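Worksheet for the structure shown next.
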Amino acid sequence: MKLTWLGHSCFLLESQHGNLVFDPWERDYVPGYKNIPKDIAADEVICSHSHNDHSASHLVNISKRKHSYEIIKIPTFHDDKNGALRGDNTITLVKFDGLKVVHFGDIGCRLTDSQKEILHDTDIAMIPVGGYYTVDAKEAYEIVKSINANIIVPMHYKGENFGFDVIEKVDNFAALFNNVSYASSNILEIDKCHVQPSVIILKPLLKPL
């Protein structure tokens with residue numbers, strides 16, 4: 001399988017089972033990132049919630065084929081007040097070839113025991129770590145540890161020239177782990193035989209300064 005980080009919380013998941021896009025954002029909405037490519041295509045677009053930086057499904061070209069993933073959607077909240085501040089959020093679990101790939105959307109709350117059971121032994125977890133709008137570094141760490149996630153791909157954070165000003169950098173999250181690698185591109189290719197516990201920080205695709 002191949003996982004491509006398009007920026008912010010948007011990913012393209014590709015395998016022999018089909019193509020999925022998670023949480024595309026509106027053009028020129030998230031500072032610093034290149035926009036979603038105009039030729040990006042998927043069999044399905046999955047949006048964790050309706051905010052503009054996660055729900056621009058109209059920017060993705062939808063194919064006519066049907067994917068063969070098993071998709072489980074888990075309702076959660078965008079905050080720690082049962083949605084009173086920012087509304088609902090959906091975690092998406094994608095299962096195929098013995099792998100469990102999870103996109104946490106803009107989760108802002110702890111997991112329940114039943115949710116931990118469903119997500120236990122996640123192979124790849126895409127999780128926000130920037131805080132303010134979502135869980136922060138420490139809370140994200142607690143979530144991925146509680147489900148025994150193997151590969152962790154942080155998202156929804158800021159850097160020197162990208163991301164919302166009010167959220168944190170990825171450094172706070174990375175500092176909590178011993179096994180952290182910085183990829184040379186925005187693409188992660190992996191199979192079940194090569195899933196080793198680690199945090200992988202993908203390289204963002206940025207607009208030229």
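Residue names in the structure tokens use chain letters A, B, ... in the order shown, residue numbers from 1 in each chain, and ligand numbers from 1 in the order shown.
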Residues near stretch 20-29 of chain A, anyone? I mean within 8 Å using only C-alpha atoms, not counting same-chain ones fewer than 3 positions away, as a CSV table (one decimal) with C-alpha atoms, in the first residue's frame.
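To be explicit, this is the file written out as around_24.csv:
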chain,number,residue,atom,x,y,z
A,9,SER,CA,-5.0,16.1,7.4
A,10,CYS,CA,-5.5,15.1,3.8
A,11,PHE,CA,-4.1,11.7,2.7
A,12,LEU,CA,-4.4,9.5,-0.4
A,13,LEU,CA,-4.4,5.8,0.4
A,14,GLU,CA,-3.7,3.5,-2.6
A,35,ASN,CA,-3.5,23.0,-3.0
A,36,ILE,CA,-5.0,19.6,-3.6
A,42,ALA,CA,-10.3,8.4,-5.7
A,43,ASP,CA,-12.9,5.7,-5.5
A,44,GLU,CA,-14.3,7.4,-2.3
A,45,VAL,CA,-13.7,10.6,-0.4
A,46,ILE,CA,-14.0,10.3,3.4
A,47,CYS,CA,-14.4,13.5,5.4
A,48,SER,CA,-14.2,13.4,9.2
A,52,ASN,CA,-13.6,23.7,5.4
A,53,ASP,CA,-10.2,22.4,6.1
A,54,HIS,CA,-11.5,18.8,6.0
A,55,SER,CA,-14.5,18.6,3.7
A,56,ALA,CA,-13.7,19.8,0.2
A,57,SER,CA,-14.8,16.5,-1.4
A,59,LEU,CA,-12.1,18.9,-5.4
A,60,VAL,CA,-11.5,15.2,-5.8
A,103,HIS,CA,-7.5,8.3,10.2
A,105,GLY,CA,-9.8,13.3,11.7
Which residues of stretch 106-164 of chain A have any atom within 12 Å of an atom in stretch 168-174 of chain A when counting only C-alpha atoms, and what is the closest pair of atoms for each, with the distance in Å to one decimal? Order the rows by chain and rising number and write it as JSON lines.
{"residue": "A:Ile127", "atom": "CA", "partner": "A:Phe173", "partner_atom": "CA", "distance": 10.7}
{"residue": "A:Pro128", "atom": "CA", "partner": "A:Val170", "partner_atom": "CA", "distance": 9.4}
{"residue": "A:Val129", "atom": "CA", "partner": "A:Phe173", "partner_atom": "CA", "distance": 6.5}
{"residue": "A:Gly130", "atom": "CA", "partner": "A:Glu168", "partner_atom": "CA", "distance": 4.4}
{"residue": "A:Gly131", "atom": "CA", "partner": "A:Glu168", "partner_atom": "CA", "distance": 6.3}
{"residue": "A:Tyr132", "atom": "CA", "partner": "A:Glu168", "partner_atom": "CA", "distance": 8.1}
{"residue": "A:Tyr133", "atom": "CA", "partner": "A:Glu168", "partner_atom": "CA", "distance": 10.4}
{"residue": "A:Thr134", "atom": "CA", "partner": "A:Glu168", "partner_atom": "CA", "distance": 10.5}
{"residue": "A:Val135", "atom": "CA", "partner": "A:Glu168", "partner_atom": "CA", "distance": 10.6}
{"residue": "A:Asp136", "atom": "CA", "partner": "A:Glu168", "partner_atom": "CA", "distance": 7.9}
{"residue": "A:Ala137", "atom": "CA", "partner": "A:Phe173", "partner_atom": "CA", "distance": 4.5}
{"residue": "A:Lys138", "atom": "CA", "partner": "A:Phe173", "partner_atom": "CA", "distance": 6.8}
{"residue": "A:Glu139", "atom": "CA", "partner": "A:Phe173", "partner_atom": "CA", "distance": 9.4}
{"residue": "A:Ala140", "atom": "CA", "partner": "A:Phe173", "partner_atom": "CA", "distance": 7.8}
{"residue": "A:Tyr141", "atom": "CA", "partner": "A:Phe173", "partner_atom": "CA", "distance": 7.1}
{"residue": "A:Glu142", "atom": "CA", "partner": "A:Phe173", "partner_atom": "CA", "distance": 10.7}
{"residue": "A:Val144", "atom": "CA", "partner": "A:Phe173", "partner_atom": "CA", "distance": 11.4}
{"residue": "A:Ile152", "atom": "CA", "partner": "A:Ala174", "partner_atom": "CA", "distance": 10.2}
{"residue": "A:Val153", "atom": "CA", "partner": "A:Ala174", "partner_atom": "CA", "distance": 10.4}
{"residue": "A:Pro154", "atom": "CA", "partner": "A:Val170", "partner_atom": "CA", "distance": 7.3}
{"residue": "A:Met155", "atom": "CA", "partner": "A:Val170", "partner_atom": "CA", "distance": 8.2}
{"residue": "A:His156", "atom": "CA", "partner": "A:Val170", "partner_atom": "CA", "distance": 8.8}
{"residue": "A:Tyr157", "atom": "CA", "partner": "A:Lys169", "partner_atom": "CA", "distance": 5.4}
{"residue": "A:Lys158", "atom": "CA", "partner": "A:Lys169", "partner_atom": "CA", "distance": 4.8}
{"residue": "A:Gly159", "atom": "CA", "partner": "A:Lys169", "partner_atom": "CA", "distance": 5.7}
{"residue": "A:Glu160", "atom": "CA", "partner": "A:Lys169", "partner_atom": "CA", "distance": 8.5}
{"residue": "A:Asn161", "atom": "CA", "partner": "A:Lys169", "partner_atom": "CA", "distance": 11.0}
{"residue": "A:Phe162", "atom": "CA", "partner": "A:Lys169", "partner_atom": "CA", "distance": 10.0}
{"residue": "A:Gly163", "atom": "CA", "partner": "A:Lys169", "partner_atom": "CA", "distance": 9.0}
{"residue": "A:Phe164", "atom": "CA", "partner": "A:Glu168", "partner_atom": "CA", "distance": 8.7}
Those selected residues, please, written with C-alpha atoms and delivered as a tab-separated table (two decimals), in the first residue's frame.
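Here's the written file selection16.tsv:
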chain	number	residue	atom	x	y	z
A	127	ILE	CA	-3.52	11.46	14.10
A	128	PRO	CA	-3.63	15.24	14.76
A	129	VAL	CA	-1.00	16.45	17.22
A	130	GLY	CA	-1.18	20.25	17.09
A	131	GLY	CA	-3.69	20.91	19.83
A	132	TYR	CA	-6.07	23.93	20.10
A	133	TYR	CA	-8.62	22.54	17.61
A	134	THR	CA	-7.75	18.90	18.37
A	135	VAL	CA	-5.93	16.76	20.90
A	136	ASP	CA	-2.44	18.03	21.67
A	137	ALA	CA	0.84	16.12	21.58
A	138	LYS	CA	0.44	14.45	24.96
A	139	GLU	CA	-3.20	13.51	24.36
A	140	ALA	CA	-2.37	12.11	20.92
A	141	TYR	CA	0.45	10.09	22.48
A	142	GLU	CA	-1.97	8.63	25.03
A	144	VAL	CA	-1.91	5.86	20.07
A	152	ILE	CA	2.14	6.70	13.66
A	153	VAL	CA	1.90	9.49	11.10
A	154	PRO	CA	1.28	12.88	12.74
A	155	MET	CA	-0.87	15.47	10.97
A	156	HIS	CA	-2.64	18.77	11.61
A	157	TYR	CA	0.35	20.65	13.02
A	158	LYS	CA	2.25	23.77	12.01
A	159	GLY	CA	5.75	24.26	10.69
A	160	GLU	CA	7.92	27.24	9.89
A	161	ASN	CA	5.96	28.16	6.78
A	162	PHE	CA	2.74	26.18	6.95
A	163	GLY	CA	-0.27	25.41	9.12
A	164	PHE	CA	-2.50	27.52	11.34
Can you list every residue of stretch 31-97 of chain A that has an atom at most 10 Å from stretch 15-19 of chain A, with its nearest atom pair and the distance in Å to one decimal, using only C-alpha atoms, ordered by chain then number, as a tab-separated table?
residue	atom	partner	partner_atom	distance
A:Ala41	CA	A:Asn19	CA	7.6
A:Ala42	CA	A:Asn19	CA	4.8
A:Asp43	CA	A:Asn19	CA	5.4
A:Glu44	CA	A:Asn19	CA	7.1
A:Val45	CA	A:Asn19	CA	8.9
A:Ile62	CA	A:Asn19	CA	9.7
A:Ser63	CA	A:Asn19	CA	9.1
A:Arg65	CA	A:Gly18	CA	8.2
A:Lys66	CA	A:Gly18	CA	7.4
A:His67	CA	A:Gly18	CA	4.6
A:Ser68	CA	A:His17	CA	5.1
A:Tyr69	CA	A:His17	CA	6.1
A:Glu70	CA	A:His17	CA	9.8
A:Phe96	CA	A:His17	CA	7.8
A:Asp97	CA	A:His17	CA	9.1
Now that the selection is made, can you save its residues with all heavy atoms as a short mmCIF file (atom, residue, chain, number, x, y, z; two decimals), in the first residue's frame?
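Output below, filename again.cif:
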data_model
loop_
_atom_site.label_atom_id
_atom_site.label_comp_id
_atom_site.auth_asym_id
_atom_site.auth_seq_id
_atom_site.Cartn_x
_atom_site.Cartn_y
_atom_site.Cartn_z
N ALA A 41 -7.55 11.67 -7.82
CA ALA A 41 -8.73 10.83 -8.06
C ALA A 41 -8.83 9.77 -6.97
O ALA A 41 -7.83 9.33 -6.42
CB ALA A 41 -8.66 10.18 -9.43
N ALA A 42 -10.06 9.37 -6.69
CA ALA A 42 -10.29 8.35 -5.67
C ALA A 42 -11.59 7.62 -5.96
O ALA A 42 -12.46 8.13 -6.66
CB ALA A 42 -10.34 8.98 -4.29
N ASP A 43 -11.70 6.44 -5.38
CA ASP A 43 -12.95 5.69 -5.46
C ASP A 43 -13.95 6.19 -4.43
O ASP A 43 -15.16 6.01 -4.59
CB ASP A 43 -12.68 4.20 -5.24
CG ASP A 43 -11.61 3.67 -6.17
OD1 ASP A 43 -11.61 4.05 -7.35
OD2 ASP A 43 -10.74 2.90 -5.70
N GLU A 44 -13.42 6.79 -3.36
CA GLU A 44 -14.28 7.37 -2.33
C GLU A 44 -13.51 8.46 -1.59
O GLU A 44 -12.30 8.34 -1.38
CB GLU A 44 -14.75 6.30 -1.33
CG GLU A 44 -15.71 6.83 -0.26
CD GLU A 44 -16.22 5.74 0.67
OE1 GLU A 44 -16.01 4.54 0.38
OE2 GLU A 44 -16.83 6.09 1.71
N VAL A 45 -14.22 9.52 -1.23
CA VAL A 45 -13.65 10.57 -0.39
C VAL A 45 -14.31 10.48 0.98
O VAL A 45 -15.53 10.40 1.10
CB VAL A 45 -13.90 11.98 -0.97
CG1 VAL A 45 -13.29 13.05 -0.08
CG2 VAL A 45 -13.34 12.08 -2.38
N ILE A 62 -13.93 11.60 -8.62
CA ILE A 62 -14.42 10.30 -8.17
C ILE A 62 -14.45 9.32 -9.33
O ILE A 62 -15.05 9.59 -10.38
CB ILE A 62 -15.82 10.41 -7.54
CG1 ILE A 62 -15.82 11.44 -6.41
CG2 ILE A 62 -16.29 9.05 -7.04
CD1 ILE A 62 -14.89 11.10 -5.27
N SER A 63 -13.80 8.17 -9.16
CA SER A 63 -13.77 7.16 -10.20
C SER A 63 -15.10 6.42 -10.27
O SER A 63 -15.96 6.57 -9.40
CB SER A 63 -12.65 6.16 -9.93
OG SER A 63 -13.00 5.32 -8.84
N ARG A 65 -15.10 3.08 -10.35
CA ARG A 65 -14.92 1.74 -9.81
C ARG A 65 -15.25 1.71 -8.32
O ARG A 65 -15.27 2.74 -7.65
CB ARG A 65 -13.49 1.24 -10.04
CG ARG A 65 -12.44 1.91 -9.19
CD ARG A 65 -11.08 1.23 -9.37
NE ARG A 65 -10.09 1.75 -8.46
CZ ARG A 65 -8.89 1.23 -8.29
NH1 ARG A 65 -8.53 0.17 -8.99
NH2 ARG A 65 -8.03 1.76 -7.43
N LYS A 66 -15.49 0.52 -7.82
CA LYS A 66 -15.79 0.35 -6.40
C LYS A 66 -14.57 -0.26 -5.70
O LYS A 66 -13.99 -1.23 -6.20
CB LYS A 66 -17.01 -0.55 -6.22
CG LYS A 66 -18.31 0.10 -6.68
CD LYS A 66 -19.51 -0.80 -6.37
CE LYS A 66 -20.80 -0.12 -6.79
NZ LYS A 66 -22.00 -0.96 -6.47
N HIS A 67 -14.22 0.31 -4.58
CA HIS A 67 -13.10 -0.25 -3.83
C HIS A 67 -13.57 -1.47 -3.03
O HIS A 67 -14.77 -1.72 -2.88
CB HIS A 67 -12.51 0.80 -2.89
CG HIS A 67 -13.44 1.27 -1.82
ND1 HIS A 67 -13.73 0.53 -0.70
CD2 HIS A 67 -14.16 2.43 -1.70
CE1 HIS A 67 -14.57 1.19 0.07
NE2 HIS A 67 -14.86 2.35 -0.50
N SER A 68 -12.61 -2.23 -2.52
CA SER A 68 -12.95 -3.44 -1.76
C SER A 68 -12.43 -3.37 -0.32
O SER A 68 -12.19 -4.40 0.30
CB SER A 68 -12.39 -4.68 -2.47
OG SER A 68 -10.99 -4.58 -2.66
N TYR A 69 -12.25 -2.16 0.19
CA TYR A 69 -11.86 -2.01 1.59
C TYR A 69 -13.07 -2.25 2.51
O TYR A 69 -14.22 -2.00 2.12
CB TYR A 69 -11.37 -0.58 1.86
CG TYR A 69 -10.13 -0.18 1.12
CD1 TYR A 69 -10.20 0.73 0.08
CD2 TYR A 69 -8.89 -0.67 1.48
CE1 TYR A 69 -9.06 1.13 -0.60
CE2 TYR A 69 -7.75 -0.28 0.82
CZ TYR A 69 -7.83 0.62 -0.23
OH TYR A 69 -6.70 1.01 -0.89
N GLU A 70 -12.77 -2.70 3.72
CA GLU A 70 -13.78 -2.69 4.76
C GLU A 70 -13.59 -1.39 5.54
O GLU A 70 -12.51 -1.13 6.06
CB GLU A 70 -13.64 -3.88 5.71
CG GLU A 70 -14.65 -3.85 6.85
CD GLU A 70 -14.44 -4.97 7.86
OE1 GLU A 70 -13.54 -5.81 7.64
OE2 GLU A 70 -15.16 -4.99 8.88
N PHE A 96 -7.82 -4.08 5.39
CA PHE A 96 -7.54 -4.81 4.16
C PHE A 96 -6.23 -5.57 4.33
O PHE A 96 -5.31 -5.10 5.01
CB PHE A 96 -7.45 -3.87 2.96
CG PHE A 96 -6.35 -2.84 3.06
CD1 PHE A 96 -5.16 -2.97 2.36
CD2 PHE A 96 -6.50 -1.72 3.88
CE1 PHE A 96 -4.15 -2.04 2.46
CE2 PHE A 96 -5.48 -0.77 3.98
CZ PHE A 96 -4.31 -0.93 3.27
N ASP A 97 -6.15 -6.73 3.74
CA ASP A 97 -4.92 -7.53 3.74
C ASP A 97 -4.31 -7.70 5.13
O ASP A 97 -3.09 -7.71 5.30
CB ASP A 97 -3.87 -6.89 2.81
CG ASP A 97 -4.29 -6.92 1.35
OD1 ASP A 97 -5.18 -7.71 1.01
OD2 ASP A 97 -3.73 -6.13 0.56
#
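Atom to atom, atom CA of A:Ser146 and atom CA of A:Ile187 stand 26.1 Å apart.
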Discussion item. Would you compute the distance between atom CA of A:Lys95 and atom CA of A:Ile71? Give it in Å to one decimal.
Written reply: 6.5 Å
Worksheet item: Quick one, how far is atom CA of A:Gln196 from atom CA of A:Asn178?
Response: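 For atom CA of A:Gln196 relative to atom CA of A:Asn178, the distance reads 12.9 Å.
Shortest atom-to-atom contact with A:Tyr33 among A:Thr90, A:Gly7, A:Thr112, A:Phe104: A:Gly7, counting only C-alpha atoms.
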Response to the item:
Using only C-alpha atoms, the best pick from A:Thr92, A:Val166, A:Lys203, A:Thr76 as closest to A:Ser184 would be A:Lys203
Practice prompt. Give me every strand (DSSP E or B) residue in stretch 79-201 of chain A, going by DSSP on the backbone, as a PyMOL selection string.
Written response: chain A and resi 88-96+99-103+124-128+151-155+158+169+180-182+187-189+198-201
Practice prompt. Just the residues within 12 Å of A:Ser114, please, counting only C-alpha atoms, with nothing from its chain fewer than 3 positions along; format it as a ChimeraX atom specification.
Written response: /A:74-76,110-111,117-120,146-147
Would you mind listing what lies within 9 Å of A:Val180 as a CSV table (one decimal) with C-alpha atoms, in the first residue's frame, with only C-alpha atoms counted and same-chain residues fewer than 4 positions away left out?
chain,number,residue,atom,x,y,z
A,174,ALA,CA,8.1,13.6,18.4
A,175,ALA,CA,9.8,14.2,21.7
A,198,SER,CA,7.8,4.0,14.8
A,199,VAL,CA,6.7,7.6,14.3
A,200,ILE,CA,7.1,8.7,10.7
A,201,ILE,CA,7.0,12.4,9.9
Which residues, written as a tab-separated table (two decimals) with N, CA and C atoms, in the first residue's frame, have at least one atom at most 8 Å from A:Asp121, with only C-alpha atoms counted and residues fewer than 3 positions away on the same chain left out?
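The result, stored in out-v4.tsv:
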chain	number	residue	atom	x	y	z
A	100	LYS	N	-4.76	-2.67	9.53
A	100	LYS	CA	-5.73	-1.73	10.07
A	100	LYS	C	-5.13	-0.33	9.95
A	147	ILE	N	-4.07	2.15	21.98
A	147	ILE	CA	-4.53	1.20	20.96
A	147	ILE	C	-3.37	0.39	20.39
A	148	ASN	N	-2.19	0.56	20.98
A	148	ASN	CA	-1.01	-0.19	20.54
A	148	ASN	C	-0.72	0.03	19.05
A	149	ALA	N	-0.77	1.30	18.64
A	149	ALA	CA	-0.51	1.62	17.23
A	149	ALA	C	0.96	1.38	16.88
A	150	ASN	N	1.21	0.85	15.71
A	150	ASN	CA	2.57	0.58	15.27
A	150	ASN	C	3.20	1.79	14.58
